[in-house]
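The structure appears below as structure tokens.
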Amino acid sequence: MNRVIHFEFAAENPERAANFYKKVFGWEGTKWGGPQEYWLVKTGPDDKPGINGGILRHQDSMPKTVNTVEVSSIEEFIEKITRNGGSVAMPKMAIPGVGYQAYCLDTEGNLFGIHKADATAK
């Protein structure tokens with residue numbers, strides 16, 4: 001079974017949003033050193049149930065929340081998604097040192113991510 005492994009919030013001011021969630025829920029926000037402004041959010045200890053996520057700068061027409069599902073193969077799941085009436089919103093891309101990600105739409109127009117972990121991704 002494939003599970004939701006990551007969430008993303010889009011914010012006008014990601015640092016302000018990270019501070020909000022820290023003050024309200026105690027979540028840890030750490031600025032990621034990647035090519036875009038992105039804050040990694042740790043919601044609790046790794047040995048407890050739950051998922052971690054991220055906060056990125058909101059852009060026009062971007063949804064405010066996106067959930068990402070872990071998959072065994074981006075290509076295999078893109079095929080399943082399109083065969084069952086969904087579509088690809090953003091094709092497979094590498095997240096260096098983390099893995100591969102694609103964004104898709106379900107039959108109702110909801111955006112979600114699919115992710116394949118791969119530390120060798122470039």
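Labels used: A, B, ... for chains in the order of the structure tokens, numbers from 1 for residues in each chain, and numbers from 1 for ligands as shown.
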What are the DSSP strand (DSSP E or B) residues of segment 13-81 of chain A, as number ranges by chain? A: 28-31, 38-42, 52-57, 65-70
What does the file look like for those residues with N, CA and C atoms, as a PDB file, in the first residue's frame?
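New file out-v2.pdb:
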```
ATOM      1  N   GLU A  28       9.429  21.960  14.034  1.00  0.00           N
ATOM      2  CA  GLU A  28      10.730  22.540  13.721  1.00  0.00           C
ATOM      3  C   GLU A  28      10.786  22.887  12.235  1.00  0.00           C
ATOM      4  N   GLY A  29      11.106  24.140  11.930  1.00  0.00           N
ATOM      5  CA  GLY A  29      11.257  24.574  10.543  1.00  0.00           C
ATOM      6  C   GLY A  29      12.712  24.903  10.262  1.00  0.00           C
ATOM      7  N   THR A  30      13.253  24.317   9.198  1.00  0.00           N
ATOM      8  CA  THR A  30      14.644  24.538   8.821  1.00  0.00           C
ATOM      9  C   THR A  30      14.699  24.927   7.357  1.00  0.00           C
ATOM     10  N   LYS A  31      15.354  26.043   7.067  1.00  0.00           N
ATOM     11  CA  LYS A  31      15.472  26.479   5.676  1.00  0.00           C
ATOM     12  C   LYS A  31      16.373  25.506   4.921  1.00  0.00           C
ATOM     13  N   TYR A  38      12.582  27.094   0.430  1.00  0.00           N
ATOM     14  CA  TYR A  38      11.812  25.947   0.907  1.00  0.00           C
ATOM     15  C   TYR A  38      12.205  25.685   2.354  1.00  0.00           C
ATOM     16  N   TRP A  39      11.233  25.504   3.194  1.00  0.00           N
ATOM     17  CA  TRP A  39      11.475  25.206   4.598  1.00  0.00           C
ATOM     18  C   TRP A  39      11.030  23.776   4.877  1.00  0.00           C
ATOM     19  N   LEU A  40      11.928  22.950   5.387  1.00  0.00           N
ATOM     20  CA  LEU A  40      11.586  21.601   5.813  1.00  0.00           C
ATOM     21  C   LEU A  40      10.915  21.684   7.179  1.00  0.00           C
ATOM     22  N   VAL A  41       9.850  20.923   7.371  1.00  0.00           N
ATOM     23  CA  VAL A  41       9.090  20.970   8.609  1.00  0.00           C
ATOM     24  C   VAL A  41       9.089  19.582   9.248  1.00  0.00           C
ATOM     25  N   LYS A  42       9.592  19.510  10.466  1.00  0.00           N
ATOM     26  CA  LYS A  42       9.571  18.256  11.227  1.00  0.00           C
ATOM     27  C   LYS A  42       8.483  18.386  12.279  1.00  0.00           C
ATOM     28  N   ASN A  52       6.237  14.411   8.045  1.00  0.00           N
ATOM     29  CA  ASN A  52       6.875  15.718   8.007  1.00  0.00           C
ATOM     30  C   ASN A  52       6.533  16.381   6.687  1.00  0.00           C
ATOM     31  N   GLY A  53       6.912  17.639   6.538  1.00  0.00           N
ATOM     32  CA  GLY A  53       6.534  18.327   5.318  1.00  0.00           C
ATOM     33  C   GLY A  53       7.436  19.487   4.985  1.00  0.00           C
ATOM     34  N   GLY A  54       6.850  20.446   4.280  1.00  0.00           N
ATOM     35  CA  GLY A  54       7.608  21.601   3.852  1.00  0.00           C
ATOM     36  C   GLY A  54       6.704  22.783   3.586  1.00  0.00           C
ATOM     37  N   ILE A  55       7.327  23.952   3.567  1.00  0.00           N
ATOM     38  CA  ILE A  55       6.625  25.195   3.256  1.00  0.00           C
ATOM     39  C   ILE A  55       7.402  25.883   2.147  1.00  0.00           C
ATOM     40  N   LEU A  56       6.711  26.257   1.083  1.00  0.00           N
ATOM     41  CA  LEU A  56       7.348  26.942  -0.029  1.00  0.00           C
ATOM     42  C   LEU A  56       6.622  28.246  -0.314  1.00  0.00           C
ATOM     43  N   ARG A  57       7.272  29.109  -1.076  1.00  0.00           N
ATOM     44  CA  ARG A  57       6.670  30.400  -1.419  1.00  0.00           C
ATOM     45  C   ARG A  57       5.520  30.174  -2.401  1.00  0.00           C
ATOM     46  N   THR A  65      -2.131  23.601  -0.421  1.00  0.00           N
ATOM     47  CA  THR A  65      -1.694  22.380   0.259  1.00  0.00           C
ATOM     48  C   THR A  65      -1.581  21.246  -0.748  1.00  0.00           C
ATOM     49  N   VAL A  66      -0.503  20.485  -0.656  1.00  0.00           N
ATOM     50  CA  VAL A  66      -0.293  19.329  -1.526  1.00  0.00           C
ATOM     51  C   VAL A  66       0.236  18.179  -0.671  1.00  0.00           C
ATOM     52  N   ASN A  67      -0.351  17.002  -0.828  1.00  0.00           N
ATOM     53  CA  ASN A  67       0.150  15.799  -0.176  1.00  0.00           C
ATOM     54  C   ASN A  67       0.912  14.970  -1.191  1.00  0.00           C
ATOM     55  N   THR A  68       1.968  14.313  -0.736  1.00  0.00           N
ATOM     56  CA  THR A  68       2.795  13.479  -1.604  1.00  0.00           C
ATOM     57  C   THR A  68       2.744  12.040  -1.130  1.00  0.00           C
ATOM     58  N   VAL A  69       2.606  11.118  -2.083  1.00  0.00           N
ATOM     59  CA  VAL A  69       2.512   9.692  -1.813  1.00  0.00           C
ATOM     60  C   VAL A  69       3.802   9.020  -2.267  1.00  0.00           C
ATOM     61  N   GLU A  70       4.347   8.151  -1.426  1.00  0.00           N
ATOM     62  CA  GLU A  70       5.546   7.392  -1.785  1.00  0.00           C
ATOM     63  C   GLU A  70       5.161   6.268  -2.745  1.00  0.00           C
TER      64      GLU A  70
END
```
Find the residues around segment 104-113 of chain A up to 12 Å (only C-alpha atoms counted), leave out those fewer than 6 positions away in its own chain, and share them as a ChimeraX atom specification. /A:3-8,61-71,74,77-93
Now that the selection is made, can you save its residues with N, CA and C atoms as a short mmCIF file (atom, residue, chain, number, x, y, z; two decimals), in the first residue's frame?
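Final output, saved to part_8.cif:
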```cif
data_model
loop_
_atom_site.label_atom_id
_atom_site.label_comp_id
_atom_site.auth_asym_id
_atom_site.auth_seq_id
_atom_site.Cartn_x
_atom_site.Cartn_y
_atom_site.Cartn_z
N ARG A 3 1.56 5.15 0.91
CA ARG A 3 1.10 6.06 1.95
C ARG A 3 1.53 7.49 1.69
N VAL A 4 0.76 8.42 2.24
CA VAL A 4 1.16 9.82 2.22
C VAL A 4 2.40 9.94 3.10
N ILE A 5 3.47 10.52 2.53
CA ILE A 5 4.73 10.62 3.26
C ILE A 5 5.19 12.06 3.48
N HIS A 6 4.51 13.02 2.86
CA HIS A 6 4.99 14.40 2.92
C HIS A 6 3.83 15.34 2.61
N PHE A 7 3.82 16.48 3.24
CA PHE A 7 2.84 17.52 2.91
C PHE A 7 3.60 18.79 2.57
N GLU A 8 2.95 19.67 1.83
CA GLU A 8 3.51 20.99 1.55
C GLU A 8 2.43 22.03 1.73
N SER A 61 -1.93 30.78 -8.84
CA SER A 61 -2.65 29.56 -9.23
C SER A 61 -2.11 28.29 -8.58
N MET A 62 -1.17 28.40 -7.67
CA MET A 62 -0.65 27.23 -6.96
C MET A 62 -1.61 26.86 -5.83
N PRO A 63 -1.91 25.58 -5.65
CA PRO A 63 -2.75 25.20 -4.51
C PRO A 63 -2.00 25.49 -3.21
N LYS A 64 -2.73 25.69 -2.16
CA LYS A 64 -2.12 26.01 -0.87
C LYS A 64 -1.60 24.78 -0.14
N THR A 65 -2.13 23.60 -0.42
CA THR A 65 -1.69 22.38 0.26
C THR A 65 -1.58 21.25 -0.75
N VAL A 66 -0.50 20.49 -0.66
CA VAL A 66 -0.29 19.33 -1.53
C VAL A 66 0.24 18.18 -0.67
N ASN A 67 -0.35 17.00 -0.83
CA ASN A 67 0.15 15.80 -0.18
C ASN A 67 0.91 14.97 -1.19
N THR A 68 1.97 14.31 -0.74
CA THR A 68 2.80 13.48 -1.60
C THR A 68 2.74 12.04 -1.13
N VAL A 69 2.61 11.12 -2.08
CA VAL A 69 2.51 9.69 -1.81
C VAL A 69 3.80 9.02 -2.27
N GLU A 70 4.35 8.15 -1.43
CA GLU A 70 5.55 7.39 -1.79
C GLU A 70 5.16 6.27 -2.74
N VAL A 71 5.93 6.11 -3.82
CA VAL A 71 5.68 5.07 -4.82
C VAL A 71 6.97 4.32 -5.13
N ILE A 74 8.12 6.12 -10.35
CA ILE A 74 7.39 7.29 -10.86
C ILE A 74 6.71 6.93 -12.19
N PHE A 77 3.63 4.64 -11.83
CA PHE A 77 2.46 5.29 -11.25
C PHE A 77 1.90 6.38 -12.15
N ILE A 78 2.73 7.04 -12.92
CA ILE A 78 2.20 7.98 -13.92
C ILE A 78 1.32 7.22 -14.91
N GLU A 79 1.74 6.04 -15.29
CA GLU A 79 0.94 5.23 -16.22
C GLU A 79 -0.40 4.86 -15.56
N LYS A 80 -0.37 4.44 -14.29
CA LYS A 80 -1.61 4.08 -13.58
C LYS A 80 -2.53 5.30 -13.45
N ILE A 81 -1.94 6.44 -13.13
CA ILE A 81 -2.71 7.67 -12.94
C ILE A 81 -3.42 8.05 -14.24
N THR A 82 -2.68 8.08 -15.34
CA THR A 82 -3.28 8.51 -16.61
C THR A 82 -4.28 7.47 -17.14
N ARG A 83 -3.99 6.19 -16.93
CA ARG A 83 -4.91 5.14 -17.38
C ARG A 83 -6.24 5.21 -16.64
N ASN A 84 -6.23 5.74 -15.43
CA ASN A 84 -7.44 5.79 -14.62
C ASN A 84 -8.09 7.18 -14.58
N GLY A 85 -7.74 8.03 -15.55
CA GLY A 85 -8.43 9.30 -15.70
C GLY A 85 -7.73 10.50 -15.10
N GLY A 86 -6.57 10.31 -14.49
CA GLY A 86 -5.81 11.43 -13.95
C GLY A 86 -4.88 11.99 -15.01
N SER A 87 -4.08 12.97 -14.64
CA SER A 87 -3.14 13.56 -15.58
C SER A 87 -1.89 14.03 -14.84
N VAL A 88 -0.85 14.31 -15.62
CA VAL A 88 0.41 14.80 -15.07
C VAL A 88 0.40 16.32 -15.12
N ALA A 89 0.60 16.95 -13.97
CA ALA A 89 0.65 18.41 -13.90
C ALA A 89 2.09 18.92 -14.03
N MET A 90 3.05 18.16 -13.49
CA MET A 90 4.47 18.50 -13.60
C MET A 90 5.23 17.19 -13.70
N PRO A 91 5.98 16.97 -14.79
CA PRO A 91 6.63 15.69 -15.00
C PRO A 91 7.72 15.38 -13.99
N LYS A 92 8.19 14.17 -14.05
CA LYS A 92 9.24 13.68 -13.16
C LYS A 92 10.43 14.64 -13.15
N MET A 93 10.89 14.94 -11.94
CA MET A 93 12.07 15.79 -11.78
C MET A 93 12.91 15.23 -10.64
#
```
Between atom CA of Tyr100 of chain A and atom CA of Ala121 of chain A, measure the distance and give it in Å to one decimal. 6.8 Å
Give the alpha helix (DSSP H) residues of chain A, as DSSP finds them on the backbone, and put them as JSON, numbers by chain. {"A": [14, 15, 16, 17, 18, 19, 20, 21, 22, 23, 24, 25, 74, 75, 76, 77, 78, 79, 80, 81, 82, 83]}
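Nearest to Ala18 of chain A of all the residues A:Gly34, A:Asn2, A:Thr43, A:Pro96 is A:Thr43, counting only C-alpha atoms.
Comparing A:Ala102, A:Ile95, A:Ile114, A:Ala17 by their smallest distance to Gln36 of chain A, the closest is A:Ile95 (using only C-alpha atoms).
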Neighbouring residues of Ser72 of chain A were defined as those with any atom within 9 Å, considering only C-alpha atoms; residues of the same chain fewer than 6 positions away were excluded. Please report them as a count of residues only. 4
